[in-house]
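See below for target19.txt, which holds compact mmCIF, C-alpha atoms.
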```txt
# COMPACT_ATOMS: atom_id res chain seq x y z
CA MET A 196 -18.63 -25.67 -44.35
CA SER A 197 -19.24 -24.14 -47.76
CA TRP A 198 -20.78 -20.72 -48.41
CA GLY A 199 -23.81 -22.39 -49.93
CA VAL A 200 -24.60 -24.19 -46.69
CA VAL A 201 -24.05 -21.01 -44.69
CA LEU A 202 -26.52 -19.11 -46.89
CA TRP A 203 -29.17 -21.83 -46.63
CA LEU A 204 -28.83 -21.96 -42.85
CA SER A 205 -29.09 -18.16 -42.66
CA ALA A 206 -32.24 -18.18 -44.76
CA GLY A 207 -33.71 -20.90 -42.55
CA ALA A 208 -32.89 -18.99 -39.37
CA TYR A 209 -34.55 -15.86 -40.77
CA VAL A 210 -37.71 -17.73 -41.78
CA PHE A 211 -38.04 -18.96 -38.18
CA LYS A 212 -37.89 -15.40 -36.90
CA ALA A 213 -40.30 -14.01 -39.48
CA LEU A 214 -42.79 -16.86 -39.11
CA GLY A 215 -44.30 -16.00 -35.75
CA PHE A 216 -43.59 -12.31 -35.98
CA VAL A 217 -45.12 -11.56 -39.35
CA GLY A 218 -47.75 -14.29 -39.14
CA LEU A 219 -49.23 -12.96 -35.94
CA GLY A 220 -49.09 -9.35 -37.09
CA SER A 221 -50.02 -6.66 -34.59
CA ARG A 222 -53.54 -7.92 -34.00
CA LYS A 223 -54.90 -7.88 -30.47
CA LEU A 224 -54.69 -11.21 -28.68
CA PRO A 225 -56.86 -12.70 -25.92
CA ALA A 226 -55.60 -11.63 -22.48
CA ALA A 227 -54.79 -15.20 -21.41
CA LEU A 228 -52.62 -15.79 -24.48
CA GLU A 229 -50.90 -12.46 -24.01
CA ARG A 230 -50.06 -13.40 -20.39
CA CYS A 231 -48.52 -16.64 -21.69
CA LEU A 232 -46.48 -14.93 -24.42
CA LEU A 233 -44.97 -12.55 -21.86
CA LEU A 234 -43.58 -15.57 -20.01
CA ILE A 235 -41.60 -16.74 -23.06
CA PRO A 236 -38.28 -15.07 -22.14
CA ALA A 237 -38.43 -16.39 -18.57
CA ALA A 238 -39.02 -19.98 -19.70
CA LEU A 239 -36.60 -19.98 -22.63
CA LEU A 240 -33.74 -18.04 -21.04
CA ALA A 241 -33.82 -20.35 -18.03
CA ALA A 242 -33.77 -23.37 -20.36
CA LEU A 243 -30.88 -21.93 -22.40
CA VAL A 244 -28.83 -21.25 -19.27
CA VAL A 245 -29.42 -24.78 -18.01
CA LYS A 246 -28.52 -26.31 -21.36
CA ASP A 247 -25.38 -24.20 -21.84
CA THR A 248 -24.18 -24.93 -18.31
CA PHE A 249 -25.10 -28.52 -17.59
CA SER A 250 -24.85 -30.29 -20.94
CA THR A 251 -22.40 -31.18 -23.67
CA GLU A 252 -24.32 -32.38 -26.71
CA GLN A 253 -26.78 -34.85 -25.17
CA ALA A 254 -24.82 -35.66 -22.01
CA LEU A 255 -25.61 -34.01 -18.69
CA VAL A 256 -22.37 -32.81 -17.11
CA ILE A 257 -21.23 -30.78 -14.14
CA ASP A 258 -17.93 -29.04 -14.83
CA GLU A 259 -16.19 -25.66 -14.49
CA ARG A 260 -19.16 -23.96 -16.12
CA SER A 261 -21.35 -24.60 -13.05
CA LEU A 262 -19.02 -22.47 -10.93
CA GLY A 263 -19.19 -19.68 -13.49
CA LEU A 264 -22.97 -19.84 -13.34
CA ALA A 265 -22.91 -19.76 -9.53
CA VAL A 266 -20.82 -16.58 -9.68
CA ALA A 267 -23.22 -15.07 -12.24
CA LEU A 268 -26.20 -15.81 -9.98
CA LEU A 269 -24.37 -14.23 -7.06
CA CYS A 270 -23.55 -11.11 -9.11
CA VAL A 271 -27.17 -10.71 -10.26
CA TRP A 272 -28.47 -11.26 -6.74
CA ARG A 273 -26.09 -8.55 -5.49
CA LYS A 274 -27.26 -6.32 -8.36
CA ARG A 275 -23.95 -6.01 -10.18
CA SER A 276 -23.89 -4.66 -13.73
CA LEU A 277 -24.30 -6.85 -16.79
CA VAL A 278 -20.68 -6.41 -17.86
CA PHE A 279 -19.36 -7.13 -14.34
CA THR A 280 -21.50 -10.27 -14.17
CA ILE A 281 -20.29 -11.61 -17.52
CA VAL A 282 -16.62 -10.89 -16.83
CA ALA A 283 -16.74 -12.34 -13.30
CA ALA A 284 -18.45 -15.54 -14.45
CA ALA A 285 -16.11 -16.06 -17.41
CA ALA A 286 -13.04 -15.33 -15.28
CA THR A 287 -14.15 -17.81 -12.62
CA THR A 288 -14.57 -20.61 -15.15
CA ALA A 289 -11.27 -19.75 -16.84
CA LEU A 290 -9.44 -19.68 -13.51
CA VAL A 291 -10.80 -23.02 -12.35
CA ARG A 292 -9.88 -24.52 -15.72
CA ALA A 293 -6.34 -23.18 -15.44
CA ILE A 294 -5.68 -24.87 -12.11
CA MET B 42 -32.79 -26.56 -34.59
CA LEU B 43 -31.63 -24.04 -32.00
CA ALA B 44 -32.83 -21.21 -34.25
CA ALA B 45 -36.39 -22.52 -34.01
CA ARG B 46 -36.74 -20.84 -30.62
CA ASN B 47 -36.79 -17.52 -32.48
CA ALA B 48 -40.17 -18.49 -33.91
CA ILE B 49 -41.48 -18.51 -30.34
CA TYR B 50 -39.78 -15.19 -29.60
CA GLY B 51 -41.42 -13.81 -32.73
CA LEU B 52 -44.81 -14.64 -31.23
CA ALA B 53 -43.84 -12.82 -28.04
CA VAL B 54 -42.68 -9.68 -29.80
CA ALA B 55 -45.32 -9.48 -32.55
CA PRO B 56 -48.26 -8.03 -30.58
CA HIS B 57 -46.15 -5.07 -29.46
CA MET B 58 -44.81 -3.95 -32.82
CA LYS B 59 -46.66 -1.77 -35.31
CA GLY B 60 -46.01 -1.29 -38.98
CA SER B 61 -46.42 -2.57 -42.51
CA LEU B 62 -45.43 -6.00 -43.75
CA GLY B 63 -42.17 -4.66 -45.15
CA LYS B 64 -41.28 -3.03 -41.85
CA ARG B 65 -42.16 -6.21 -39.99
CA LEU B 66 -39.95 -8.31 -42.27
CA VAL B 67 -36.99 -6.09 -41.38
CA THR B 68 -37.84 -6.01 -37.66
CA ALA B 69 -38.09 -9.81 -37.65
CA HIS B 70 -34.37 -10.06 -38.30
CA PHE B 71 -33.68 -8.46 -34.92
CA VAL B 72 -35.81 -10.88 -32.93
CA ILE B 73 -33.44 -12.79 -30.63
CA ASP B 74 -32.99 -13.78 -26.96
CA GLU B 75 -31.69 -10.40 -25.85
CA THR B 76 -34.20 -8.17 -27.62
CA THR B 77 -37.18 -10.29 -26.54
CA ALA B 78 -35.98 -10.37 -22.94
CA MET B 79 -35.33 -6.65 -22.64
CA MET B 80 -38.61 -5.80 -24.32
CA SER B 81 -40.90 -7.97 -22.25
CA ALA B 82 -39.31 -6.74 -19.02
CA GLN B 83 -40.94 -3.36 -19.76
CA ASN B 84 -44.56 -2.58 -18.99
CA ASP B 85 -45.84 0.08 -21.38
CA PRO B 86 -45.89 -0.15 -25.20
CA GLU B 87 -43.66 2.86 -25.82
CA ARG B 88 -40.90 1.61 -23.52
CA ARG B 89 -41.21 -1.89 -24.98
CA ARG B 90 -40.39 -0.67 -28.48
CA PHE B 91 -37.66 1.55 -27.07
CA ALA B 92 -36.09 -1.40 -25.21
CA PHE B 93 -36.33 -3.59 -28.31
CA TRP B 94 -34.51 -1.20 -30.62
CA TRP B 95 -31.96 0.00 -28.07
CA THR B 96 -31.02 -3.61 -27.53
CA ALA B 97 -31.19 -4.57 -31.19
CA ILE B 98 -28.94 -1.90 -32.67
CA PRO B 99 -25.90 -2.16 -30.34
CA LEU B 100 -26.25 -5.95 -30.37
CA PHE B 101 -26.34 -6.07 -34.17
CA VAL B 102 -23.28 -3.83 -34.53
CA LEU B 103 -21.20 -5.51 -31.82
CA TRP B 104 -22.21 -9.02 -32.86
CA ASN B 105 -21.00 -8.48 -36.40
CA LEU B 106 -17.83 -6.71 -35.24
CA GLY B 107 -17.22 -9.68 -32.95
CA THR B 108 -17.76 -12.10 -35.81
CA LEU B 109 -15.26 -10.19 -37.90
CA VAL B 110 -12.67 -10.24 -35.12
CA GLY B 111 -13.31 -13.95 -34.60
CA ALA B 112 -12.89 -14.65 -38.29
CA LEU B 113 -9.63 -12.69 -38.42
CA LEU B 114 -8.20 -14.32 -35.29
CA GLY B 115 -9.39 -17.71 -36.46
CA ASN B 116 -8.34 -20.66 -34.37
CA SER B 117 -5.36 -18.91 -32.86
CA LEU B 118 -7.18 -18.59 -29.53
CA ASP B 119 -9.12 -21.01 -27.40
CA ALA B 120 -12.43 -19.48 -26.28
CA SER B 121 -12.94 -21.94 -23.44
CA ALA B 122 -9.56 -21.03 -21.88
CA PHE B 123 -11.03 -17.58 -21.22
CA GLY B 124 -14.29 -19.00 -19.91
CA LEU B 125 -16.12 -17.40 -22.83
CA ASP B 126 -18.48 -20.37 -23.02
CA VAL B 127 -20.15 -19.18 -19.81
CA ALA B 128 -20.38 -15.56 -20.97
CA PHE B 129 -23.74 -16.15 -22.64
CA SER B 130 -25.22 -17.95 -19.65
CA ALA B 131 -24.04 -15.16 -17.36
CA GLY B 132 -25.63 -12.54 -19.62
CA PHE B 133 -28.85 -14.55 -19.82
CA VAL B 134 -28.99 -14.82 -16.03
CA ALA B 135 -28.75 -11.04 -15.81
CA MET B 136 -31.52 -10.62 -18.39
CA LEU B 137 -33.63 -13.20 -16.57
CA ALA B 138 -33.57 -11.22 -13.32
CA PRO B 139 -36.38 -8.74 -14.08
CA HIS B 140 -38.63 -11.61 -15.16
CA LEU B 141 -38.13 -13.30 -11.80
CA ALA B 142 -39.59 -10.34 -9.95
CA ARG B 143 -43.09 -11.68 -10.61
CA ARG B 144 -44.31 -15.03 -9.32
CA ARG B 145 -45.49 -16.27 -12.73
CA GLY B 146 -42.07 -15.42 -14.16
CA ARG B 147 -40.33 -17.46 -11.48
CA GLN B 148 -42.66 -20.38 -12.12
CA ALA B 149 -42.16 -20.23 -15.89
CA ALA B 150 -38.37 -20.07 -15.48
CA ALA B 151 -38.25 -22.99 -13.06
CA LEU B 152 -40.56 -25.12 -15.17
CA GLY B 153 -38.69 -24.26 -18.39
CA ALA B 154 -35.37 -25.21 -16.82
CA VAL B 155 -36.72 -28.52 -15.52
CA ILE B 156 -38.34 -29.47 -18.86
CA CYS B 157 -35.06 -28.73 -20.63
CA LEU B 158 -32.88 -30.70 -18.19
CA VAL B 159 -35.15 -33.72 -18.23
CA LEU B 160 -35.26 -33.88 -22.03
CA ILE B 161 -31.58 -33.23 -22.85
CA PRO B 162 -30.41 -36.87 -22.67
CA PHE B 163 -33.31 -38.18 -24.74
CA VAL B 164 -34.01 -35.84 -27.66
CA PRO B 165 -31.84 -34.10 -30.30
CA VAL B 166 -30.09 -30.83 -29.41
CA GLY B 167 -32.42 -27.84 -29.74
CA LEU B 168 -35.65 -29.68 -28.98
CA PRO B 169 -35.38 -29.36 -25.17
CA ILE B 170 -35.28 -25.57 -25.60
CA LEU B 171 -38.40 -25.60 -27.79
CA ALA B 172 -40.19 -27.92 -25.36
CA SER B 173 -39.35 -25.62 -22.45
CA GLY B 174 -41.63 -23.11 -24.17
CA LEU B 175 -44.56 -25.19 -22.95
CA ALA B 176 -43.88 -23.72 -19.51
CA ILE B 177 -45.52 -20.46 -20.61
CA PHE B 178 -48.96 -22.03 -20.41
CA ILE B 179 -48.95 -21.62 -16.65
CA GLY B 180 -49.89 -18.07 -17.61
CA VAL B 181 -53.34 -19.15 -18.87
CA ARG B 182 -54.89 -18.62 -15.44
CA PRO B 183 -54.45 -15.08 -14.15
CA ASP B 184 -52.30 -14.74 -11.06
CA GLU B 185 -54.29 -13.30 -8.15
CA GLU B 186 -51.09 -12.19 -6.46
CA ARG B 187 -50.01 -8.77 -7.65
CA ARG B 188 -46.29 -9.38 -7.89
```
Write out the structure in this file as structure tokens.
Amino acid sequence: MSWGVVLWLSAGAYVFKALGFVGLGSRKLPAALERCLLLIPAALLAALVVKDTFSTEQALVIDERSLGLAVALLCVWRKRSLVFTIVAAAATTALVRAI
Amino acid sequence: MLAARNAIYGLAVAPHMKGSLGKRLVTAHFVIDETTAMMSAQNDPERRRFAFWWTAIPLFVLWNLGTLVGALLGNSLDASAFGLDVAFSAGFVAMLAPHLARRRGRQAAALGAVICLVLIPFVPVGLPILASGLAIFIGVRPDEERR
């Protein structure tokens, strides 16, 4: 990938971020819309986790990553720290891959 | 395509940030999964901004340090051998936790995950994530339940 492409992609990624943020400004929104916007992280993080765990490109797959996710869920449920959760999940997946 | 989700995050963060256009243009650069998640888990405006910036600054520094290390190491190491491909999911699960404390949050997360899974085989990469954003509209009706 050339530097030119990298720069164009970076610019594009920034425009996405600025679009909603600057466009909306800090004006007050209707309560119903505000309730919806607060749900964005819940909906999108869950979707990202599902995509990163159960798919490769457009194929749905179940592989070593699912076990890592199971460990992560367990850690969060047992209220372990963020770092502990990440390390435990990654180590689980790595271990299962190694055997 | 994956970066388009940041436009949705921008909408989530915008109402809680003050400042001029110039300031907003700079702040916009720091809008990402982590900052949006940490911010919206807080309840009052002051703590929201605090959470945003105290996530943004360490993340920005470490991310770029990490990129540098990655560039220097190059292909000499296989990220998947260390399970690093699940590191993000694990971190996201941890950040998701406070949002699951409320019923609407649980519903939005479940619906978002289902929308994404169902669409993955049929539409280009990135679109399922954007479509999962539709799950937020369950928030239109107020939730009578307190938690």
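Here atom CA of Ala92 of chain B stands at a distance of 28.7 Å from atom CA of Ala286 of chain A.
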Find the smallest box with edges along x, y and z containing every listed atom of segment 273-279 of chain A, then add 5 Å on each side and report centre and edge lengths in Å to one decimal, as JSON.
```
{"center_x": -23.3, "center_y": -6.6, "center_z": -11.7, "size_x": 17.9, "size_y": 13.9, "size_z": 22.4}
```
Enumerate as number ranges by chain the residues belonging to chain B that approach chain A to within 7 Å, with all atoms listed in the file taken into account.
-> B: 44-45, 47-59, 65-66, 69-70, 72, 77-78, 81, 122-125, 127-128, 130-135, 137, 140, 146, 149-150, 153-154, 157-158, 161-162, 166, 170, 173-174, 176-178, 180-182
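Our summary of the geometry notes that atom CA of Phe71 of chain B is positioned 11.0 Å from atom CA of Pro99 of chain B.
Across the model, the gap from atom CA of Ala112 of chain B to atom CA of Phe93 of chain B is 27.8 Å.
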Some atoms are absent from segment 249-276 of chain A, so rebuild N, CA and C atoms and return them as a PDB file, in the frame of the given file.
```pdb
ATOM      1  N   PHE A 249     -25.121 -27.152 -18.091  1.00  0.00           N
ATOM      2  CA  PHE A 249     -25.100 -28.520 -17.590  1.00  0.00           C
ATOM      3  C   PHE A 249     -25.108 -29.597 -18.670  1.00  0.00           C
ATOM      4  N   SER A 250     -24.871 -29.230 -19.932  1.00  0.00           N
ATOM      5  CA  SER A 250     -24.850 -30.290 -20.940  1.00  0.00           C
ATOM      6  C   SER A 250     -23.769 -30.074 -21.981  1.00  0.00           C
ATOM      7  N   THR A 251     -23.277 -31.191 -22.502  1.00  0.00           N
ATOM      8  CA  THR A 251     -22.400 -31.180 -23.670  1.00  0.00           C
ATOM      9  C   THR A 251     -23.054 -32.138 -24.652  1.00  0.00           C
ATOM     10  N   GLU A 252     -23.486 -31.603 -25.795  1.00  0.00           N
ATOM     11  CA  GLU A 252     -24.320 -32.380 -26.710  1.00  0.00           C
ATOM     12  C   GLU A 252     -25.498 -32.944 -25.925  1.00  0.00           C
ATOM     13  N   GLN A 253     -25.617 -34.303 -25.882  1.00  0.00           N
ATOM     14  CA  GLN A 253     -26.780 -34.850 -25.170  1.00  0.00           C
ATOM     15  C   GLN A 253     -26.454 -35.376 -23.772  1.00  0.00           C
ATOM     16  N   ALA A 254     -25.203 -35.160 -23.329  1.00  0.00           N
ATOM     17  CA  ALA A 254     -24.820 -35.660 -22.010  1.00  0.00           C
ATOM     18  C   ALA A 254     -24.971 -34.573 -20.957  1.00  0.00           C
ATOM     19  N   LEU A 255     -25.528 -34.955 -19.806  1.00  0.00           N
ATOM     20  CA  LEU A 255     -25.610 -34.010 -18.690  1.00  0.00           C
ATOM     21  C   LEU A 255     -24.268 -34.031 -17.966  1.00  0.00           C
ATOM     22  N   VAL A 256     -23.670 -32.869 -17.771  1.00  0.00           N
ATOM     23  CA  VAL A 256     -22.370 -32.810 -17.110  1.00  0.00           C
ATOM     24  C   VAL A 256     -22.323 -31.669 -16.094  1.00  0.00           C
ATOM     25  N   ILE A 257     -21.512 -31.880 -15.076  1.00  0.00           N
ATOM     26  CA  ILE A 257     -21.230 -30.780 -14.140  1.00  0.00           C
ATOM     27  C   ILE A 257     -19.736 -30.524 -14.226  1.00  0.00           C
ATOM     28  N   ASP A 258     -19.348 -29.347 -14.702  1.00  0.00           N
ATOM     29  CA  ASP A 258     -17.930 -29.040 -14.830  1.00  0.00           C
ATOM     30  C   ASP A 258     -17.659 -27.598 -14.405  1.00  0.00           C
ATOM     31  N   GLU A 259     -16.582 -27.021 -14.907  1.00  0.00           N
ATOM     32  CA  GLU A 259     -16.190 -25.660 -14.490  1.00  0.00           C
ATOM     33  C   GLU A 259     -17.267 -24.621 -14.783  1.00  0.00           C
ATOM     34  N   ARG A 260     -18.125 -24.922 -15.764  1.00  0.00           N
ATOM     35  CA  ARG A 260     -19.160 -23.960 -16.120  1.00  0.00           C
ATOM     36  C   ARG A 260     -20.139 -23.709 -14.974  1.00  0.00           C
ATOM     37  N   SER A 261     -20.403 -24.763 -14.154  1.00  0.00           N
ATOM     38  CA  SER A 261     -21.350 -24.600 -13.050  1.00  0.00           C
ATOM     39  C   SER A 261     -20.883 -23.527 -12.082  1.00  0.00           C
ATOM     40  N   LEU A 262     -19.566 -23.481 -11.842  1.00  0.00           N
ATOM     41  CA  LEU A 262     -19.020 -22.470 -10.930  1.00  0.00           C
ATOM     42  C   LEU A 262     -19.197 -21.077 -11.512  1.00  0.00           C
ATOM     43  N   GLY A 263     -18.973 -20.959 -12.825  1.00  0.00           N
ATOM     44  CA  GLY A 263     -19.190 -19.680 -13.490  1.00  0.00           C
ATOM     45  C   GLY A 263     -20.628 -19.220 -13.326  1.00  0.00           C
ATOM     46  N   LEU A 264     -21.553 -20.163 -13.479  1.00  0.00           N
ATOM     47  CA  LEU A 264     -22.970 -19.840 -13.340  1.00  0.00           C
ATOM     48  C   LEU A 264     -23.284 -19.411 -11.909  1.00  0.00           C
ATOM     49  N   ALA A 265     -22.685 -20.112 -10.938  1.00  0.00           N
ATOM     50  CA  ALA A 265     -22.910 -19.760  -9.530  1.00  0.00           C
ATOM     51  C   ALA A 265     -22.469 -18.311  -9.274  1.00  0.00           C
ATOM     52  N   VAL A 266     -21.322 -17.945  -9.838  1.00  0.00           N
ATOM     53  CA  VAL A 266     -20.820 -16.580  -9.680  1.00  0.00           C
ATOM     54  C   VAL A 266     -21.781 -15.583 -10.356  1.00  0.00           C
ATOM     55  N   ALA A 267     -22.273 -15.953 -11.533  1.00  0.00           N
ATOM     56  CA  ALA A 267     -23.220 -15.070 -12.240  1.00  0.00           C
ATOM     57  C   ALA A 267     -24.472 -14.846 -11.406  1.00  0.00           C
ATOM     58  N   LEU A 268     -25.000 -15.920 -10.815  1.00  0.00           N
ATOM     59  CA  LEU A 268     -26.200 -15.810  -9.980  1.00  0.00           C
ATOM     60  C   LEU A 268     -25.941 -14.884  -8.796  1.00  0.00           C
ATOM     61  N   LEU A 269     -24.758 -15.063  -8.194  1.00  0.00           N
ATOM     62  CA  LEU A 269     -24.370 -14.230  -7.060  1.00  0.00           C
ATOM     63  C   LEU A 269     -24.318 -12.751  -7.472  1.00  0.00           C
ATOM     64  N   CYS A 270     -23.682 -12.491  -8.605  1.00  0.00           N
ATOM     65  CA  CYS A 270     -23.550 -11.110  -9.110  1.00  0.00           C
ATOM     66  C   CYS A 270     -24.930 -10.480  -9.333  1.00  0.00           C
ATOM     67  N   VAL A 271     -25.845 -11.244  -9.955  1.00  0.00           N
ATOM     68  CA  VAL A 271     -27.170 -10.710 -10.260  1.00  0.00           C
ATOM     69  C   VAL A 271     -27.947 -10.464  -8.971  1.00  0.00           C
ATOM     70  N   TRP A 272     -27.788 -11.398  -8.036  1.00  0.00           N
ATOM     71  CA  TRP A 272     -28.470 -11.260  -6.740  1.00  0.00           C
ATOM     72  C   TRP A 272     -27.973 -10.002  -6.029  1.00  0.00           C
ATOM     73  N   ARG A 273     -26.664  -9.731  -6.127  1.00  0.00           N
ATOM     74  CA  ARG A 273     -26.090  -8.550  -5.490  1.00  0.00           C
ATOM     75  C   ARG A 273     -26.205  -7.299  -6.372  1.00  0.00           C
ATOM     76  N   LYS A 274     -26.973  -7.436  -7.462  1.00  0.00           N
ATOM     77  CA  LYS A 274     -27.260  -6.320  -8.360  1.00  0.00           C
ATOM     78  C   LYS A 274     -26.033  -5.683  -9.006  1.00  0.00           C
ATOM     79  N   ARG A 275     -25.107  -6.523  -9.440  1.00  0.00           N
ATOM     80  CA  ARG A 275     -23.950  -6.010 -10.180  1.00  0.00           C
ATOM     81  C   ARG A 275     -24.360  -5.739 -11.619  1.00  0.00           C
ATOM     82  N   SER A 276     -23.539  -4.985 -12.344  1.00  0.00           N
ATOM     83  CA  SER A 276     -23.890  -4.660 -13.730  1.00  0.00           C
ATOM     84  C   SER A 276     -23.756  -5.876 -14.633  1.00  0.00           C
TER      85      SER A 276
END
```
